[in-house]
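Student: Quick one: the structure is below, questions incoming.
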Amino acid sequence: MNTTVHSTQCLICGFENTDDAFVCAECVAPMALTRESVIQGRDPRIITIIGDSNVGKTVYLGYLLDMLSRRAGDYESIPKGPFSINLQQTVMSHIAARLFPPKTPNEVDQWHWAYCQIADRKHDSKWFDLVMPDMAGEAIAAELDAPQSYMVIRGLLEKSAGVMLLVDAALAATGNVQADFFAFKLMSYIDQLAGLRSGRKVPTPIAIVLCKSDCCPQAFDHPITFAKTNLNRLNNLCNSRFQNVAYFAASVIGSIGFGSDGEDNIVTAPLHSAPRGILEPFEWLLTAL
C-alpha cells in the first residue's frame, strides 16, 4: 500500500506542508496562495503594506483593491479566488454604512490576503501576480520587539518585491514622535533583514505613504519637505541605507463624525469618503519592480 505523503512548499516561508494543509504549519500563511501560484506557473510579486496600529492600513488596502477592480487609472485587476475579495468587501460595506472596519486581529489565520493579477492596459500589457496581505499593527510591533515571534511578517518582508510604509501624517504634524519612531524602527528592521554591509544600500523600493494627509495639507503640497520636518529620523535613515524611496500623501475619509456608544465612550464615524493619492504609491511601486 502506497503511503507516500506529498508536500507543498509555503510561498511565504518555504516550509514543507502536506498537500491538504489549509495554512502553513510554520508561519500560518494560507496555502491557497501557494496553490494559486502553482496554477499560474510563476511566483507572484509580494507587496507588503506595513505601519503602526490605527494608521489606516486596512482602509487604505481595501480602497486600493476596490479602485483597481473598478479599473481606476486604466488598471485591470482580476482576483484569484474569492478570498481575495473579502478585505475589499469588508472595507467598502463598512464605510457605506458609516462605520470603520474592525481592527485586524493579531491571529495570522484571521488576516485578509489578496492575490490578484494586475495590468496597466493603457501603457503596458504585462500582467503582474501580486500578493498583498492586511497585517495587524500590533503583530508588526510585536515582531519588532521580539524578532521571529511572527515568522510570517519576517518571511513577507524578506520576499517582498516592494514595500508600502504607511505613516500617520496627522499624528506627526502635531509633534507626536510616535509616528516617526515606529517608522524608524520598521525601516531599521528591513535594513537588518537585508543583511548588507555598511556602504551598500537596500535595493527594495519603498513607498512611504503619509496617511490622513487631509488633516495636514502641507503633506500633499510637499511630501518630502513634510517628512524632513516631521519624520526626520525616518528620512535620515532612508537617505543613508535605502536606494529607492519615494514619499506620497494620501487620504481616504472626507469628514468624520463623533458620537457615543451608549457607555459614554466617544466613537468616530466616517461621514463620507474622499479618496485622494491612493493609486500613486502603487503605480510608482509597479514601475520600480
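Each chain in the C-alpha cells gets a letter, A, B and so on, in the order shown; residues start at 1 in every chain, and ligands are counted from 1 in the order they appear.
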Within 8 Å of range 251-269 of chain A, which residues of range 85-150 of chain A show up? Give each one with its shortest atom-to-atom distance in Å (one decimal) and the two atoms involved, counting only C-alpha atoms, rows by chain then rising residue number, as CSV.
Tutor:
```
residue,atom,partner,partner_atom,distance
A:Arg98,CA,A:Ala269,CA,5.7
A:Leu99,CA,A:Ala269,CA,5.4
A:Phe100,CA,A:Ala269,CA,6.6
```
Student: Return as an MDAnalysis selection string the full set of residues in range 80-273 of chain A whose backbone-based DSSP assignment is strand (DSSP E or B).
Tutor: chainID A and resid 112:120 128:134 160:168 202 206:211 242 245:249 251:260 266:273
Student: Go through range 58-287 of chain A and collect every residue that DSSP, computed from the backbone, puts in helix (DSSP H, G or I); the answer should be as an MDAnalysis selection string.
Tutor: chainID A and resid 58:69 72:74 82:96 108:110 137:145 151:159 169:173 178:194 213:215 217:221 223:230 232:241 279:287
Student: Do a neighbour search on Arg45 in chain A at 7 Å with only C-alpha atoms, toss out local chain neighbours closer than 5 positions, and write the hits as a list in words.
Tutor: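 Listing them by chain and then by number gives Asp129, Leu130, Val131, Ser160 and Ala161 of chain A.
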Student: Residues near Met92 in chain A, anyone? I mean within 12 Å using only C-alpha atoms, not counting same-chain ones fewer than 6 positions away, as JSON, numbers by chain.
Tutor: {"A": [58, 59, 60, 61, 62, 63, 64, 65, 66, 67, 85, 86, 98, 99, 100, 101, 252, 253, 270, 272, 273]}
Student: Keeping C-alpha atoms, export the residues of the selection given above as a tab-separated table (two decimals), in the first residue's frame.
Tutor:
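New file part-v1.tsv:
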```
chain	number	residue	atom	x	y	z
A	58	THR	CA	-6.98	48.10	6.32
A	59	VAL	CA	-8.91	51.06	4.88
A	60	TYR	CA	-6.09	52.01	2.51
A	61	LEU	CA	-5.67	48.48	1.15
A	62	GLY	CA	-9.42	47.97	0.86
A	63	TYR	CA	-9.80	51.16	-1.19
A	64	LEU	CA	-6.76	50.34	-3.33
A	65	LEU	CA	-8.13	46.90	-4.20
A	66	ASP	CA	-11.58	48.35	-4.91
A	67	MET	CA	-10.19	51.07	-7.19
A	85	ILE	CA	-12.24	39.89	-2.32
A	86	ASN	CA	-13.02	39.61	1.40
A	98	ARG	CA	-20.68	54.98	8.01
A	99	LEU	CA	-18.60	52.62	10.11
A	100	PHE	CA	-14.90	51.96	10.24
A	101	PRO	CA	-13.99	48.31	9.61
A	252	VAL	CA	-9.49	58.31	2.28
A	253	ILE	CA	-12.09	59.82	4.61
A	270	PRO	CA	-16.76	58.19	8.56
A	272	HIS	CA	-18.23	60.28	3.60
A	273	SER	CA	-15.19	59.13	1.68
```
Student: So which one's closest to Asp214 in chain A, A:Ile46, A:Leu237, A:Ala274, A:Leu285? Using only C-alpha atoms, please.
Tutor: A:Ala274
Student: Using only C-alpha atoms for the distances, tell me which of A:Gly162, A:Gly277, A:Leu196, A:Ile208 is nearest to Leu234 in chain A.
Tutor: A:Ile208
Student: Just the number, please: distance in Å from CA of Asp168 in chain A to CA of Ala219 in chain A, one decimal.
Tutor: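 Value for the CA of Asp168 in chain A-CA of Ala219 in chain A distance: 10.9 Å.
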Student: Could you name the residues that touch Asp74 in chain A at 7 Å or less, counting only C-alpha atoms, but leaving out those on the same chain fewer than 4 positions away, as a list in words?
Tutor: Asp120, Arg121 and Lys122 of chain A
Student: For the selection just defined, write its residues with C-alpha atoms to a file, as a PDB file, in the first residue's frame.
Tutor:
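So part23.pdb came out as:
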```
ATOM      1  CA  ASP A 120      -1.952  48.676 -16.844  1.00  0.00           C
ATOM      2  CA  ARG A 121      -3.927  48.168 -20.038  1.00  0.00           C
ATOM      3  CA  LYS A 122      -3.171  51.653 -21.398  1.00  0.00           C
TER       4      LYS A 122
END
```
Student: List as a short mmCIF file (atom, residue, chain, number, x, y, z; two decimals) with N, CA and C atoms, in the first residue's frame the protein and nucleic acid residues near Ile118 in chain A, meaning an atom at most 7 Å away when only C-alpha atoms are counted, but skip any in the same chain fewer than 2 places from it.
Tutor:
```cif
data_model
loop_
_atom_site.label_atom_id
_atom_site.label_comp_id
_atom_site.auth_asym_id
_atom_site.auth_seq_id
_atom_site.Cartn_x
_atom_site.Cartn_y
_atom_site.Cartn_z
N TYR A 75 -6.08 50.60 -14.87
CA TYR A 75 -5.63 49.30 -14.40
C TYR A 75 -6.75 48.28 -14.51
N GLU A 76 -6.36 47.06 -14.78
CA GLU A 76 -7.31 45.95 -14.75
C GLU A 76 -6.84 44.96 -13.70
N SER A 77 -7.72 44.58 -12.79
CA SER A 77 -7.37 43.69 -11.69
C SER A 77 -8.32 42.49 -11.68
N ILE A 78 -7.72 41.31 -11.60
CA ILE A 78 -8.51 40.08 -11.55
C ILE A 78 -8.15 39.33 -10.26
N CYS A 116 -3.94 38.90 -6.63
CA CYS A 116 -4.55 39.49 -7.82
C CYS A 116 -3.60 39.49 -9.00
N TRP A 127 1.28 41.49 -17.31
CA TRP A 127 0.50 41.18 -16.11
C TRP A 127 1.43 40.91 -14.93
N PHE A 128 1.02 41.40 -13.76
CA PHE A 128 1.75 41.13 -12.51
C PHE A 128 0.85 40.28 -11.62
N ASP A 129 1.41 39.23 -11.04
CA ASP A 129 0.71 38.49 -9.99
C ASP A 129 1.14 39.08 -8.66
#
```
Student: Could you check the closest approach to Arg197 in chain A for each of A:Lys212, A:His222, A:Arg154, A:Arg241 and tell me which residue wins, using only C-alpha atoms?
Tutor: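 The answer is A:Arg241, which sits nearest to Arg197 in chain A.
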Student: Looking at only C-alpha atoms, which of A:Val55, A:Met132, A:Leu289, A:Ala173 is the one that sits closest to Cys211 in chain A?
Tutor: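 Ranked by minimum distance to Cys211 in chain A, first place goes to A:Val55.
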Student: Per residue of range 142-227 of chain A within 8 Å of range 242-247 of chain A, note the shortest atom pair and the distance in Å to one decimal, counting only C-alpha atoms, and order the rows by chain and increasing residue number, as CSV.
Tutor:
```
residue,atom,partner,partner_atom,distance
A:Asp191,CA,A:Phe242,CA,7.9
A:Lys201,CA,A:Phe242,CA,4.8
A:Val202,CA,A:Phe242,CA,4.7
A:Pro203,CA,A:Gln243,CA,5.2
A:Thr204,CA,A:Asn244,CA,6.8
A:Pro205,CA,A:Asn244,CA,4.9
A:Ile206,CA,A:Val245,CA,4.8
A:Ala207,CA,A:Ala246,CA,5.2
A:Ile208,CA,A:Tyr247,CA,4.8
A:Val209,CA,A:Tyr247,CA,6.1
A:Leu210,CA,A:Tyr247,CA,7.4
A:Pro223,CA,A:Tyr247,CA,5.8
A:Ile224,CA,A:Tyr247,CA,6.0
A:Ala227,CA,A:Tyr247,CA,8.0
```
Student: What separation in Å, quoted to one decimal, exists between CA of Pro105 in chain A and CA of Ile140 in chain A?
Tutor: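 Here the two named atoms are 11.6 Å from each other.
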Student: Could you jot down the CA of Leu171 in chain A to CA of Ala96 in chain A separation for me, Å, one decimal place?
Tutor: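 These atoms are spaced 25.6 Å apart.
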Student: Skip Met151 in chain A itself and residues of its chain fewer than 5 positions away, then list as a list in words all residues within 12 Å of it, counting only C-alpha atoms.
Tutor: Ile12, Cys13, Gly14, Phe15, Cys24, Ala25, Glu26, Cys27, Val28, Ala29, Val108, Ala139, Ile140, Ala142, Glu143, Leu144, Ala146, Leu156, Leu157 and Glu158 of chain A
Student: Of the candidates A:Ala32, A:Ala169, A:Ala141, A:Cys216, which shows the shortest atom-to-atom distance to Phe182 in chain A, using only C-alpha atoms?
Tutor: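 Between A:Ala32, A:Ala169, A:Ala141, A:Cys216, the residue approaching Phe182 in chain A most closely is A:Ala141.
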